[in-house]
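Note sheet for the following structure.
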Number of protein chains: 2
Amino acid sequence: MVRHAARHYRAAVPASTSPAVLADLLGALAYGELTAFQRLAADSSLAASVADAASLGAMAVAEYGHYAVLTRHLADRGVDPGAAMAPFVAPLDAFHQQTAPADWLQSVVKAYVGDGIGTDFYREVAVFVDPPTRAVIEEVSADTGHAAFAVEHVRAAIEADPTLRGRLALWARRLVGEALTQAQRVAVEREALTDLLGSATDLAEIGAVFGRIVAAHEERMVALGLAS
Amino acid sequence: MVRHAARHYRAAVPASTSPAVLADLLGALAYGELTAFQRLAADSSLAASVADAASLGAMAVAEYGHYAVLTRHLADRGVDPGAAMAPFVAPLDAFHQQTAPADWLQSVVKAYVGDGIGTDFYREVAVFVDPPTRAVIEEVSADTGHAAFAVEHVRAAIEADPTLRGRLALWARRLVGEALTQAQRVAVEREALTDLLGSATDLAEIGAVFGRIVAAHEERMVALGLAS
């Protein structure tokens, strides 16, 4: 039997990852998890029921667990987690300030759409790092329940009030736009991250990576009932 | 050797607790933990450093764990957690709306002072309920690190800027005042809770309970450097 898994990746999996790449990659991810935790927990108070608040709270707690796993992995490799996260504090804080949800549904869409894009990106990048780091990335990329929860609640809300559809679709586009703005800002400033992609692969492959991330995003919009 | 532990309690420890008492007692505590989790996690984004934010985040996660323990205990006893929490949603939400911290230090003082009073109250009440419920209350009343964290940060801030002392002391008094307002509201509406205290003990004992809670609060104010 011929195995085709990961066949589209041309780069060999490296046995080690440089401290600079490790710091940038996991520093951004760790601070992303910490802010996701803060926002999800805060937004859970917008929920219409205690049960919904508790569900969002459980997802927030899972994000904090991911944060702890990532900072521990950095420390184990001799990288100071605080220093690794520092370059990503301003862009991630800016992202959250620009995309503060006005209500409960916006926060649910944000959690699902934002988390989905982040997870897809990291799963793509994971093939370029050493196996233990890849295992950590895969562990923190596991679905914490956002998907089913978001799909169920957004679909039910649109069914009850079809005018929500256009407004939430616009909101999702704004989220993606703002995420791209901040990602570009990070890409310009952090060479280690862009070098990782650039050295491990070629331009066509980078195009394919982004194509897959966009396609997965479109699938989520379809699942939410927000595809245009 | 004569043992004096818990000697001041005149009531015998009951072998069982009525579902009404269990629902009120743990319902209030569970929703209190859920809102504490939400507020602590949200307030952690006010921290001056990522390390401080993560410390407050870890405390928030511990509060969520307590919420889960309490709702599980209620469900195990055949009490619907949502129904048990419902009467306490309005008073606890009102408390948090009236005491939204304006900055990081106010949120640290709130976490320590509010958590302390709540914990003391529950430890007093725990002697009136059946042993498994008491064990649950003691488990969720364990210090989650608020104390040392708050004392360290508030003292350092006052040392750097002595004008903070008066303002934070005023803030702590406002917290206690608002907590008493909401507690009184609950006491009037929820007979099971007041019956528990009233039937298990006498007026002098109730006075002693409140005396101990006030004394413990004063000790915390001294520890923070906020005693008047």
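FYI, nothing fancy with the structure tokens labels: chains A, B, ... in order, residues from 1 per chain, ligands from 1 as they appear.
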
Please, which residues in chain A fall within 10 Å of chain B when counting only C-alpha atoms, and what is the closest atom pair and distance in Å to one decimal for each, ordered by chain then residue number, as a tab-separated table?
```
residue	atom	partner	partner_atom	distance
A:Tyr31	CA	B:Val50	CA	8.3
A:Leu34	CA	B:Ala54	CA	7.4
A:Thr35	CA	B:Ser45	CA	7.7
A:Phe37	CA	B:Ala41	CA	7.4
A:Gln38	CA	B:Ala41	CA	5.0
A:Arg39	CA	B:Ala42	CA	6.7
A:Leu40	CA	B:Ala42	CA	8.6
A:Ala41	CA	B:Gln38	CA	5.0
A:Ala42	CA	B:Ala42	CA	4.8
A:Asp43	CA	B:Gln38	CA	8.1
A:Ser44	CA	B:Gln38	CA	7.1
A:Ser45	CA	B:Gln38	CA	6.7
A:Ser49	CA	B:Gly82	CA	8.8
A:Val50	CA	B:Gly82	CA	6.8
A:Ala51	CA	B:Gly82	CA	7.0
A:Ala53	CA	B:Leu34	CA	8.5
A:Ala54	CA	B:Leu34	CA	7.4
A:Gly57	CA	B:Tyr64	CA	7.4
A:Ala58	CA	B:Tyr64	CA	7.7
A:Ala60	CA	B:Val61	CA	8.5
A:Val61	CA	B:Val61	CA	5.8
A:Ala62	CA	B:Val61	CA	9.1
A:Tyr64	CA	B:Gly57	CA	7.4
A:Gly65	CA	B:Val61	CA	8.9
A:Tyr67	CA	B:Ala54	CA	8.8
A:Ala68	CA	B:Ala54	CA	8.9
A:Pro81	CA	B:Ala51	CA	9.2
A:Gly82	CA	B:Val50	CA	6.8
A:Ala83	CA	B:Val50	CA	9.8
A:Met85	CA	B:Val50	CA	8.2
A:Ala86	CA	B:Val50	CA	8.2
A:Val89	CA	B:Val50	CA	8.4
A:Asp93	CA	B:Ser45	CA	9.1
```

request  = Find the spatial neighbours of Ala172 of chain B, counting only C-alpha atoms, within a cut-off of 10 Å - ignore same-chain residues fewer than 6 positions away - and output them as a list of chain:residue names.
outcome  =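 The residues that qualify are B:Gln106, B:Val109, B:Lys110, B:Tyr112, B:Val113, B:Gly114, B:Gly166, B:Glu178, B:Met221, B:Leu226.
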
Write to file, as an mmCIF file, in the first residue's frame, the residues of the selection just made, with C-alpha atoms.
```
data_model
loop_
_atom_site.group_PDB
_atom_site.id
_atom_site.type_symbol
_atom_site.label_atom_id
_atom_site.label_comp_id
_atom_site.auth_asym_id
_atom_site.auth_seq_id
_atom_site.Cartn_x
_atom_site.Cartn_y
_atom_site.Cartn_z
ATOM 1 C CA GLN B 106 -9.002 47.371 42.104
ATOM 2 C CA VAL B 109 -8.348 43.864 45.843
ATOM 3 C CA LYS B 110 -11.803 42.726 44.752
ATOM 4 C CA TYR B 112 -8.966 38.923 47.503
ATOM 5 C CA VAL B 113 -11.566 40.730 49.622
ATOM 6 C CA GLY B 114 -14.603 39.237 47.889
ATOM 7 C CA GLY B 166 -6.822 55.785 50.784
ATOM 8 C CA GLU B 178 -22.357 46.175 48.013
ATOM 9 C CA MET B 221 -7.192 44.642 55.213
ATOM 10 C CA LEU B 226 -5.325 49.056 53.907
#
```

query = Could you name the residues that touch Val129 of chain A at 12 Å or less, counting only C-alpha atoms, but leaving out those on the same chain fewer than 4 positions away, as an MDAnalysis selection string?
reply = chainID A and resid 11:19 21:22 25:26 122:125 133:138 193 196:197 200

inquiry  = Just checking: using only C-alpha atoms, which residue out of A:Gly207, A:Gly225, A:Gly118, A:Pro132 ends up closest to Arg77 of chain A?
reply    = A:Pro132

task = Enumerate the residues of segment 48-146 of chain A with a DSSP assignment of helix (DSSP H, G or I), computed from the backbone, and present them as a ChimeraX atom specification.
result = /A:50-76,81-98,104-128,131-140,146

request  = Select, from A:Phe88, A:Trp104, A:Phe121, A:Phe95, the residue with the minimum atom-to-atom distance to Val209 of chain A, counting only C-alpha atoms.
outcome  =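 Of the candidates, the smallest distance to Val209 of chain A is held by A:Phe121.
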
ask   = Counting only C-alpha atoms, which of A:Leu92, A:Ala156, A:Pro87, A:Leu170 gets nearest to Val188 of chain A?
value = A:Pro87

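You will find atom CA of Glu33 of chain B at 20.4 Å from atom CA of Ala192 of chain B.
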
inquiry  = Can you pull out the residues contacting Leu105 of chain B? Cut-off 8 Å, using only C-alpha atoms, and skip same-chain residues under 3 positions away; I want them as JSON, numbers by chain.
reply    = {"B": [108, 109, 153, 154]}
